[in-house]
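Source file: work-v8.txt (compact mmCIF, C-alpha atoms)
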# COMPACT_ATOMS: atom_id res chain seq x y z
CA MET K 1192 4.07 -2.09 -31.79
CA LYS K 1193 1.16 -3.12 -34.03
CA PRO K 1194 -0.17 -6.70 -33.73
CA GLU K 1195 0.95 -9.05 -36.48
CA ASN K 1196 -2.65 -10.02 -37.28
CA GLY K 1197 -3.31 -6.48 -38.55
CA ALA K 1198 -6.03 -5.78 -35.98
CA SER K 1199 -7.33 -2.23 -35.62
CA PRO K 1200 -6.77 -0.34 -32.36
CA LEU K 1201 -9.50 -0.57 -29.76
CA LEU K 1202 -8.67 2.98 -28.61
CA GLN K 1203 -7.13 5.70 -30.76
CA ILE K 1204 -6.00 9.07 -29.43
CA LYS K 1205 -5.13 11.62 -32.13
CA GLY K 1206 -3.49 14.98 -31.43
CA LEU K 1207 -5.14 15.23 -28.03
CA ARG K 1208 -4.91 18.56 -26.21
CA LYS K 1209 -6.45 19.81 -22.98
CA GLN K 1210 -6.03 23.18 -21.34
CA PHE K 1211 -7.65 24.59 -18.23
CA ASP K 1212 -8.35 28.32 -18.26
CA LEU K 1213 -7.14 30.20 -15.19
CA ASP K 1214 -8.82 33.51 -16.02
CA GLU K 1215 -12.46 32.67 -16.67
CA GLY K 1216 -14.02 36.11 -16.23
CA PHE K 1217 -13.42 39.25 -18.27
CA LEU K 1218 -12.05 41.24 -15.31
CA GLU K 1219 -9.69 38.40 -14.32
CA SER K 1220 -8.07 38.50 -17.75
CA LEU K 1221 -7.23 42.22 -17.55
CA LYS K 1222 -3.55 42.92 -16.74
CA LEU K 1223 -1.56 46.14 -16.32
CA ARG K 1224 1.64 46.15 -18.43
CA ARG K 1225 3.85 49.19 -19.01
CA GLY K 1226 1.08 51.50 -17.90
CA LYS K 1227 -1.49 49.97 -20.27
CA ILE K 1228 -4.38 47.65 -19.57
CA VAL K 1229 -4.21 44.55 -21.76
CA ARG K 1230 -6.24 41.36 -21.87
CA ASP K 1231 -4.24 38.21 -21.21
CA ARG K 1232 -6.00 34.89 -20.68
CA ARG K 1233 -3.80 32.34 -18.95
CA ALA K 1234 -4.28 28.58 -19.15
CA VAL K 1235 -2.69 25.40 -17.87
CA HIS K 1236 -1.65 23.26 -20.85
CA ALA K 1237 -2.14 19.83 -19.28
CA VAL K 1238 -2.05 17.63 -22.41
CA ASN K 1239 -0.21 18.70 -25.55
CA ASP K 1240 -0.65 16.88 -28.87
CA VAL K 1241 -0.70 13.29 -27.56
CA SER K 1242 -1.34 10.46 -30.03
CA LEU K 1243 -1.62 6.83 -28.95
CA ASP K 1244 -3.05 3.50 -30.12
CA VAL K 1245 -4.24 0.84 -27.67
CA TYR K 1246 -4.97 -2.64 -29.03
CA ARG K 1247 -7.20 -5.32 -27.52
CA ALA K 1248 -5.79 -7.27 -24.54
CA GLU K 1249 -2.96 -4.73 -24.05
CA ALA K 1250 -2.05 -3.16 -20.73
CA VAL K 1251 -0.74 0.26 -21.73
CA CYS K 1252 0.97 2.10 -18.86
CA VAL K 1253 1.23 5.90 -18.92
CA VAL K 1254 4.10 7.09 -16.72
CA GLY K 1255 5.72 10.36 -15.73
CA GLU K 1256 6.22 12.63 -12.75
CA SER K 1257 3.38 14.41 -10.97
CA GLY K 1258 1.67 17.06 -13.07
CA CYS K 1259 2.66 15.59 -16.45
CA GLY K 1260 -0.95 15.05 -17.58
CA LYS K 1261 -1.40 11.32 -16.89
CA SER K 1262 -4.65 11.58 -14.95
CA THR K 1263 -6.01 14.19 -17.35
CA ILE K 1264 -5.60 11.72 -20.23
CA ALA K 1265 -7.38 9.06 -18.16
CA ARG K 1266 -10.34 11.37 -17.54
CA LEU K 1267 -10.47 12.45 -21.19
CA VAL K 1268 -10.60 8.82 -22.34
CA ALA K 1269 -13.29 7.98 -19.75
CA GLY K 1270 -15.40 10.91 -20.91
CA LEU K 1271 -15.16 12.82 -17.63
CA LEU K 1272 -13.44 15.75 -19.38
CA THR K 1273 -13.85 17.24 -22.85
CA PRO K 1274 -10.72 17.72 -25.03
CA SER K 1275 -9.69 21.20 -26.13
CA ASN K 1276 -8.48 19.73 -29.45
CA GLY K 1277 -7.89 16.33 -30.99
CA GLU K 1278 -9.91 13.14 -31.33
CA ILE K 1279 -10.63 10.04 -29.25
CA LEU K 1280 -11.92 7.00 -31.12
CA TYR K 1281 -13.18 3.79 -29.54
CA ASP K 1282 -13.53 0.72 -31.76
CA GLY K 1283 -13.31 2.98 -34.81
CA ALA K 1284 -15.99 5.48 -33.75
CA ARG K 1285 -15.29 8.95 -32.38
CA ILE K 1286 -16.46 9.36 -28.78
CA ASP K 1287 -15.09 12.71 -27.59
CA THR K 1288 -17.93 14.62 -29.25
CA LEU K 1289 -20.74 12.49 -27.78
CA SER K 1290 -23.25 13.90 -25.30
CA ARG K 1291 -23.77 12.31 -21.88
CA ARG K 1292 -26.83 10.45 -23.18
CA GLN K 1293 -24.96 9.21 -26.27
CA MET K 1294 -22.13 7.99 -24.03
CA GLN K 1295 -24.43 5.76 -21.96
CA PRO K 1296 -24.01 2.61 -24.11
CA LEU K 1297 -20.22 3.02 -23.88
CA ARG K 1298 -20.26 3.27 -20.06
CA LYS K 1299 -20.82 -0.48 -19.96
CA LYS K 1300 -17.77 -1.10 -22.16
CA ILE K 1301 -15.44 1.50 -20.60
CA GLN K 1302 -15.07 1.51 -16.82
CA MET K 1303 -12.74 3.50 -14.58
CA ILE K 1304 -10.97 2.60 -11.34
CA PHE K 1305 -10.02 5.70 -9.37
CA GLN K 1306 -6.93 6.43 -7.31
CA ASN K 1307 -8.44 6.97 -3.87
CA PRO K 1308 -10.50 4.02 -2.58
CA TYR K 1309 -11.60 6.16 0.37
CA ALA K 1310 -13.38 8.65 -1.93
CA SER K 1311 -14.59 6.48 -4.83
CA LEU K 1312 -17.24 4.61 -2.81
CA ASN K 1313 -20.40 6.35 -1.59
CA PRO K 1314 -20.27 6.30 2.23
CA ARG K 1315 -24.09 6.35 2.43
CA MET K 1316 -24.53 3.19 0.35
CA THR K 1317 -24.01 -0.41 1.43
CA LEU K 1318 -21.88 -2.69 -0.72
CA ALA K 1319 -25.04 -4.26 -2.09
CA GLN K 1320 -26.32 -0.87 -3.25
CA SER K 1321 -22.94 0.20 -4.70
CA LEU K 1322 -22.39 -3.01 -6.66
CA GLN K 1323 -25.95 -3.76 -7.76
CA GLU K 1324 -26.77 -0.24 -8.95
CA PRO K 1325 -24.56 -0.28 -12.10
CA VAL K 1326 -25.75 -3.80 -13.02
CA ARG K 1327 -29.42 -2.72 -12.84
CA HIS K 1328 -28.70 0.50 -14.74
CA HIS K 1329 -26.99 -1.22 -17.68
CA ASN K 1330 -29.15 -4.36 -17.62
CA PRO K 1331 -32.73 -3.19 -16.89
CA ARG K 1332 -34.23 -6.52 -17.98
CA MET K 1333 -32.29 -8.52 -15.39
CA SER K 1334 -34.30 -9.93 -12.52
CA ARG K 1335 -33.35 -9.20 -8.94
CA ALA K 1336 -32.00 -12.74 -8.52
CA GLU K 1337 -29.86 -12.44 -11.65
CA VAL K 1338 -28.41 -9.14 -10.44
CA GLU K 1339 -27.56 -10.63 -7.06
CA ASP K 1340 -25.96 -13.67 -8.70
CA ARG K 1341 -23.84 -11.46 -11.00
CA VAL K 1342 -22.61 -9.38 -8.06
CA ALA K 1343 -21.85 -12.44 -5.92
CA GLU K 1344 -19.90 -14.05 -8.78
CA VAL K 1345 -17.76 -10.96 -9.34
CA MET K 1346 -17.16 -10.47 -5.62
CA LEU K 1347 -15.85 -14.03 -5.28
CA SER K 1348 -13.60 -13.58 -8.34
CA VAL K 1349 -11.83 -10.60 -6.73
CA GLY K 1350 -11.61 -12.09 -3.25
CA VAL K 1351 -14.44 -10.13 -1.64
CA ASP K 1352 -16.77 -12.04 0.69
CA PRO K 1353 -20.44 -11.81 -0.49
CA ASN K 1354 -21.44 -11.77 3.18
CA TRP K 1355 -20.10 -8.19 3.32
CA LEU K 1356 -22.95 -6.87 1.17
CA LYS K 1357 -24.83 -5.27 4.09
CA ARG K 1358 -21.78 -3.39 5.34
CA TYR K 1359 -20.68 0.19 4.57
CA PRO K 1360 -17.37 1.40 3.05
CA HIS K 1361 -16.03 2.79 6.35
CA GLU K 1362 -15.94 -0.76 7.73
CA PHE K 1363 -13.19 -1.82 5.29
CA SER K 1364 -9.47 -1.22 4.89
CA GLY K 1365 -7.97 0.56 1.87
CA GLY K 1366 -7.03 -2.70 0.15
CA GLN K 1367 -10.50 -4.13 0.68
CA ARG K 1368 -12.09 -0.94 -0.65
CA GLN K 1369 -9.99 -1.06 -3.80
CA ARG K 1370 -10.99 -4.68 -4.36
CA ILE K 1371 -14.61 -3.57 -4.02
CA ALA K 1372 -13.99 -0.74 -6.51
CA ILE K 1373 -12.52 -3.27 -8.97
CA ALA K 1374 -15.51 -5.54 -8.41
CA ARG K 1375 -17.86 -2.62 -9.13
CA ALA K 1376 -16.10 -1.97 -12.44
CA LEU K 1377 -16.27 -5.65 -13.41
CA THR K 1378 -19.95 -6.17 -12.58
CA VAL K 1379 -21.06 -4.68 -15.94
CA ASP K 1380 -18.62 -6.95 -17.84
CA PRO K 1381 -16.51 -4.18 -19.47
CA GLU K 1382 -13.89 -4.67 -22.17
CA PHE K 1383 -11.74 -1.58 -21.46
CA ILE K 1384 -10.66 -0.30 -18.04
CA VAL K 1385 -9.03 3.04 -17.28
CA ALA K 1386 -7.10 2.66 -14.01
CA ASP K 1387 -5.89 5.97 -12.57
CA GLU K 1388 -3.07 5.08 -10.13
CA PRO K 1389 -5.24 2.41 -8.47
CA ILE K 1390 -2.56 1.24 -6.01
CA SER K 1391 -0.77 4.46 -5.05
CA ALA K 1392 -2.95 4.99 -1.95
CA LEU K 1393 -2.39 1.43 -0.70
CA ASP K 1394 0.24 -0.07 1.57
CA VAL K 1395 3.14 -1.73 -0.26
CA SER K 1396 2.12 -5.12 1.13
CA ILE K 1397 -1.32 -4.77 -0.49
CA GLN K 1398 -0.20 -3.30 -3.83
CA ALA K 1399 1.06 -6.62 -5.23
CA GLN K 1400 -2.21 -8.34 -4.30
CA VAL K 1401 -4.30 -5.74 -6.15
CA LEU K 1402 -1.98 -5.80 -9.19
CA ASN K 1403 -2.15 -9.60 -9.39
CA LEU K 1404 -5.91 -9.39 -9.07
CA MET K 1405 -6.08 -6.99 -12.03
CA LEU K 1406 -3.80 -9.25 -14.09
CA GLU K 1407 -5.96 -12.27 -13.30
CA ALA K 1408 -9.06 -10.33 -14.37
CA LYS K 1409 -7.28 -9.34 -17.59
CA GLU K 1410 -6.51 -12.96 -18.48
CA ALA K 1411 -9.89 -14.34 -17.42
CA ARG K 1412 -12.03 -11.65 -19.06
CA GLY K 1413 -9.84 -10.48 -21.96
CA LEU K 1414 -9.65 -6.94 -20.57
CA THR K 1415 -7.71 -4.05 -22.07
CA TYR K 1416 -6.12 -1.56 -19.65
CA LEU K 1417 -5.01 2.05 -19.79
CA PHE K 1418 -3.01 2.07 -16.56
CA ILE K 1419 -1.86 5.39 -15.08
CA THR K 1420 1.09 5.19 -12.70
CA HIS K 1421 4.31 6.87 -11.61
CA ASP K 1422 5.90 3.65 -10.35
CA LEU K 1423 8.12 2.04 -13.00
CA SER K 1424 8.56 -1.14 -10.97
CA VAL K 1425 4.80 -1.63 -11.33
CA VAL K 1426 5.04 -1.00 -15.07
CA GLU K 1427 7.64 -3.74 -15.53
CA HIS K 1428 5.36 -6.22 -13.78
CA PHE K 1429 2.02 -5.14 -15.26
CA GLY K 1430 2.39 -3.37 -18.61
CA THR K 1431 2.73 -4.62 -22.16
CA LYS K 1432 3.44 -1.13 -23.55
CA VAL K 1433 4.68 2.09 -21.93
CA VAL K 1434 4.00 5.74 -22.74
CA VAL K 1435 6.39 8.22 -21.09
CA LEU K 1436 5.01 11.74 -20.62
CA TYR K 1437 6.76 14.96 -19.68
CA LEU K 1438 4.85 18.22 -19.23
CA GLY K 1439 1.88 16.87 -21.17
CA SER K 1440 3.93 15.71 -24.18
CA VAL K 1441 4.98 12.22 -25.28
CA CYS K 1442 8.69 11.49 -24.85
CA GLU K 1443 8.77 7.81 -25.71
CA ILE K 1444 6.42 4.93 -26.56
CA ALA K 1445 7.71 1.35 -26.52
CA ASP K 1446 6.75 -2.15 -25.49
CA THR K 1447 7.76 -2.82 -21.90
CA ARG K 1448 10.67 -5.14 -22.60
CA THR K 1449 12.21 -2.75 -25.15
CA LEU K 1450 11.83 0.29 -22.90
CA PHE K 1451 13.54 -1.34 -19.91
CA ALA K 1452 16.28 -2.94 -22.02
CA ALA K 1453 17.11 0.07 -24.23
CA PRO K 1454 15.55 3.39 -23.13
CA LYS K 1455 16.31 6.14 -25.63
CA HIS K 1456 14.90 9.46 -24.45
CA PRO K 1457 17.07 11.22 -21.80
CA TYR K 1458 14.02 11.65 -19.56
CA THR K 1459 13.16 7.94 -19.79
CA ARG K 1460 16.73 7.08 -18.81
CA ALA K 1461 16.51 9.40 -15.82
CA LEU K 1462 13.26 7.78 -14.68
CA LEU K 1463 14.66 4.26 -15.02
CA SER K 1464 17.84 5.17 -13.15
CA ALA K 1465 15.70 6.05 -10.13
CA VAL K 1466 14.18 2.57 -9.87
CA PRO K 1467 15.84 0.72 -6.95
CA GLN K 1468 17.78 -2.38 -8.00
CA LEU K 1469 18.97 -4.94 -5.45
CA LYS K 1470 21.71 -6.12 -7.80
CA ASP K 1471 23.31 -2.66 -8.08
CA ASP K 1472 26.19 -2.27 -5.64
CA LYS K 1473 26.93 1.20 -7.02
CA PRO K 1474 23.76 2.64 -8.51
CA ASN K 1475 24.29 5.28 -11.19
CA HIS K 1476 21.36 7.61 -10.55
CA ILE K 1477 20.83 10.40 -13.05
CA ARG K 1478 20.34 13.69 -11.23
CA LEU K 1479 18.45 16.17 -13.37
CA LYS K 1480 19.41 19.83 -13.10
CA GLY K 1481 18.03 23.04 -14.54
CA GLU K 1482 14.75 24.92 -14.41
CA ILE K 1483 11.47 23.01 -14.56
CA PRO K 1484 9.13 24.71 -17.08
CA THR K 1485 5.61 25.64 -16.08
CA PRO K 1486 2.56 24.24 -17.93
CA ILE K 1487 1.16 27.78 -17.95
CA ASP K 1488 4.00 29.11 -20.13
CA LEU K 1489 5.30 26.20 -22.21
CA PRO K 1490 8.72 26.51 -23.87
CA ALA K 1491 8.84 26.92 -27.65
CA GLY K 1492 11.06 23.88 -28.17
CA CYS K 1493 11.42 20.55 -26.41
CA PRO K 1494 9.72 20.72 -22.98
CA PHE K 1495 12.62 18.75 -21.47
CA ALA K 1496 15.39 20.92 -22.97
CA SER K 1497 16.02 23.00 -19.84
CA ARG K 1498 16.91 19.84 -17.86
CA CYS K 1499 18.63 17.81 -20.60
CA GLY K 1500 22.40 17.51 -20.89
CA PHE K 1501 22.13 16.73 -24.62
CA ALA K 1502 20.08 19.81 -25.58
CA ASP K 1503 21.34 22.21 -28.25
CA GLN K 1504 19.90 25.30 -29.94
CA ARG K 1505 17.50 23.28 -32.07
CA CYS K 1506 16.07 21.66 -28.94
CA LEU K 1507 15.41 25.10 -27.44
CA MET K 1508 13.65 26.43 -30.54
CA GLN K 1509 11.85 23.48 -32.19
CA LYS K 1510 9.61 20.90 -30.54
CA PRO K 1511 10.60 17.35 -31.61
CA GLN K 1512 8.15 15.04 -33.34
CA VAL K 1513 7.53 11.44 -32.29
CA ILE K 1514 9.61 9.35 -34.72
CA ALA K 1515 9.59 5.55 -35.13
CA GLN K 1516 12.83 3.72 -34.29
CA PRO K 1517 14.25 0.49 -35.79
CA ASP K 1518 13.25 -1.56 -32.71
CA GLY K 1519 9.59 -0.47 -32.97
CA SER K 1520 9.70 2.20 -30.28
CA ARG K 1521 8.78 5.83 -30.96
CA VAL K 1522 10.80 8.73 -29.54
CA ALA K 1523 10.42 12.51 -29.54
CA CYS K 1524 14.02 13.71 -29.24
CA HIS K 1525 16.26 15.70 -31.61
CA ALA K 1526 19.39 14.18 -30.07
CA VAL K 1527 18.14 10.64 -30.74
CA GLU K 1528 17.05 11.62 -34.25
CA GLU K 1529 20.47 13.13 -35.03
CA GLY K 1530 22.42 10.27 -33.44
CA ARG K 1531 23.87 12.42 -30.66
CA ILE K 1532 22.75 9.83 -28.08
CA SER K 1533 23.96 6.29 -28.58
CA ASP K 1534 22.31 3.19 -27.12
CA THR K 1535 25.19 2.92 -24.65
CA ALA K 1536 25.39 6.62 -23.75
CA SER K 1537 25.92 7.21 -20.09
CA GLY K 1538 23.34 9.22 -18.22
CA ALA K 1539 25.98 11.00 -16.16
CA ALA K 1540 25.94 13.93 -18.59
CA LEU K 1541 22.41 14.77 -17.57

Target encoding structure tokens, full file:
Amino acid sequence: MKPENGASPLLQIKGLRKQFDLDEGFLESLKLRRGKIVRDRRAVHAVNDVSLDVYRAEAVCVVGESGCGKSTIARLVAGLLTPSNGEILYDGARIDTLSRRQMQPLRKKIQMIFQNPYASLNPRMTLAQSLQEPVRHHNPRMSRAEVEDRVAEVMLSVGVDPNWLKRYPHEFSGGQRQRIAIARALTVDPEFIVADEPISALDVSIQAQVLNLMLEAKEARGLTYLFITHDLSVVEHFGTKVVVLYLGSVCEIADTRTLFAAPKHPYTRALLSAVPQLKDDKPNHIRLKGEIPTPIDLPAGCPFASRCGFADQRCLMQKPQVIAQPDGSRVACHAVEEGRISDTASGAAL
């Protein structure tokens, strides 16, 4: 998992936690139980003790079903949310404790591409205003001509016609808007991009074009990606490393080839079994059963235990730690640790 040249991670996430309080006021936290008034503050535990290293030129994909904390991690890394606990380090320096003013120099290095291209562009601003504004902000000494040249160069590199600069966002399709959003992120010449499901709102015919565009930008500019998605077919095409989340906790971390060739965690196997395969005459889909826990009241043990066919008493009582495997992957599963799941185990038991 670590580069052979011994390079340090560009991004380090250590024990990251984020919870959102549901009962903010004093009166909201008061509950009546057994005839007595007690104070009980509820919270949504969106991210729970996540640790991750991202090295330069990697495309790390974070996957999992809706509500597992993927987008929350993206916003924490981008500085749009503040962690409840844990640390986020960029290029060796801690960034999660920085103020908005202290984060300004990093905004040029870390850019974010949002999920909805219909909401991420200001409808009152022309393309020229939307694309030139960040360049002027981060490069105040640039002349007007230099700013215009930078924007035109980036627009051409992502397949956007510079003649569109006087037009407004509502005049473009979803795919065109997402290309414009990518261009906006690239205008300040970043080195790290957080992409929060950037193709999920696009037609299937456009998704491949946008993905290829992002890959071309990665190769041409040496970009590093933290790519949030729920589509494993996209991961296989785009990612170099995969992080599988369930209910805000890490299930498995592995390079893409290893994960698709030999998934270890029962949840990872269930996800991969749902990916359509043209070569499968008789697909063996894993159908998960059991109660889905709520992020408001997390289980004491493994968060996946209630839906796992390999769970035992230890799984119900003790949360597993992420443990390194011989092939370089890292898995949080008691059954894998104890050898109760073999590499050839069938998923039918789930």

What are the closest atom pairs, with distances in Å to one decimal, for each residue of range 1416-1513 of chain K lying within 12 Å of range 1249-1266 of chain K, using all atoms listed in the file, rows by chain and rising residue number, as CSV?
residue,atom,partner,partner_atom,distance
K:Tyr1416,CA,K:Ala1250,CA,4.5
K:Leu1417,CA,K:Val1251,CA,5.0
K:Phe1418,CA,K:Cys1252,CA,4.6
K:Ile1419,CA,K:Val1253,CA,5.0
K:Thr1420,CA,K:Val1254,CA,5.4
K:His1421,CA,K:Val1254,CA,5.1
K:Asp1422,CA,K:Val1254,CA,7.5
K:Leu1423,CA,K:Val1254,CA,7.4
K:Ser1424,CA,K:Val1254,CA,11.0
K:Val1425,CA,K:Cys1252,CA,9.2
K:Val1426,CA,K:Cys1252,CA,6.4
K:Glu1427,CA,K:Cys1252,CA,9.5
K:His1428,CA,K:Ala1250,CA,10.6
K:Phe1429,CA,K:Ala1250,CA,7.1
K:Gly1430,CA,K:Ala1250,CA,4.9
K:Thr1431,CA,K:Ala1250,CA,5.2
K:Lys1432,CA,K:Val1251,CA,4.8
K:Val1433,CA,K:Cys1252,CA,4.8
K:Val1434,CA,K:Val1253,CA,4.7
K:Val1435,CA,K:Val1254,CA,5.1
K:Leu1436,CA,K:Gly1255,CA,5.1
K:Tyr1437,CA,K:Cys1259,CA,5.3
K:Leu1438,CA,K:Cys1259,CA,4.4
K:Gly1439,CA,K:Gly1260,CA,4.9
K:Ser1440,CA,K:Cys1259,CA,7.8
K:Val1441,CA,K:Val1253,CA,9.7
K:Cys1442,CA,K:Gly1255,CA,9.7
K:Glu1443,CA,K:Val1254,CA,10.2
K:Ile1444,CA,K:Val1253,CA,9.3
K:Ala1445,CA,K:Val1251,CA,9.8
K:Asp1446,CA,K:Val1251,CA,8.7
K:Thr1447,CA,K:Cys1252,CA,8.9
K:Leu1450,CA,K:Cys1252,CA,11.7
K:Tyr1458,CA,K:Gly1255,CA,9.2
K:Thr1459,CA,K:Gly1255,CA,8.8
K:Arg1460,CA,K:Gly1255,CA,11.9
K:Ala1461,CA,K:Gly1255,CA,10.8
K:Leu1462,CA,K:Gly1255,CA,8.0
K:Leu1463,CA,K:Gly1255,CA,10.8
K:Ala1465,CA,K:Glu1256,CA,11.8
K:Ile1483,CA,K:Gly1258,CA,11.6
K:Pro1484,CA,K:Cys1259,CA,11.2
K:Thr1485,CA,K:Gly1258,CA,9.9
K:Pro1486,CA,K:Gly1258,CA,8.7
K:Ile1487,CA,K:Gly1258,CA,11.8
K:Pro1494,CA,K:Cys1259,CA,10.9
K:Phe1495,CA,K:Cys1259,CA,11.6

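In this comparison, which uses only C-alpha atoms, the residue of K:Asn1330, K:Asn1307, K:Ser1321, K:Gln1512 approaching Gln1369 in chain K most closely is K:Asn1307.
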
> What gap, in Å, lies between CA of Thr1288 in chain K and CA of Leu1267 in chain K?
Replying inline: 11.2 Å

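CA of Ser1290 in chain K lies 18.4 Å from CA of Leu1207 in chain K.
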
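Between CA of Ala1310 in chain K and CA of Pro1360 in chain K there is a distance of 9.7 Å.
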
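Between Gln1203 in chain K and the candidates K:Arg1247, K:Arg1335, K:Arg1448, K:Lys1227, the tightest atom-to-atom separation, counting all atoms listed in the file, involves K:Arg1247.
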
If you take all atoms listed in the file and a cut-off of 12 Å, which residues of range 1409-1522 of chain K touch range 1337-1353 of chain K, and what are their nearest atom pairs and distances in Å to one decimal, in chain and number order, as a Markdown table?
| residue | atom | partner | partner_atom | distance |
| --- | --- | --- | --- | --- |
| K:Lys1409 | CA | K:Val1349 | CA | 11.8 |
| K:Ala1411 | CA | K:Ser1348 | CA | 9.8 |
| K:Arg1412 | CA | K:Ser1348 | CA | 11.0 |

>> Which residue is closest to Ser1364 in chain K? Choose from K:Gly1481, K:Pro1308, K:Gly1413, K:Gly1500 and count all atoms listed in the file.
In response: K:Pro1308

> Could you list as a ChimeraX atom specification every residue that has an atom within 8 Å of (-9.5, 12.5, -30.2), using the file's coordinates and counting only C-alpha atoms?
Replying inline: /K:1203-1207,1274,1276-1280,1285-1287

Give me, as CSV, the closest atom pair and its distance (Å, one decimal) for every residue of range 1373-1463 of chain K within a cut-off of 12 Å of range 1312-1320 of chain K, counting all atoms listed in the file, rows sorted by chain and rising number.
residue,atom,partner,partner_atom,distance
K:Ile1373,CA,K:Leu1312,CA,11.1
K:Ala1374,CA,K:Leu1318,CA,10.4
K:Arg1375,CA,K:Leu1318,CA,9.3
K:Ala1376,CA,K:Leu1312,CA,11.7
K:Thr1378,CA,K:Ala1319,CA,11.8

> K:Leu1243, K:Ala1198, K:Ile1371, K:Leu1272: which is nearest Val1401 in chain K, counting all atoms listed in the file?
Replying inline: K:Ile1371
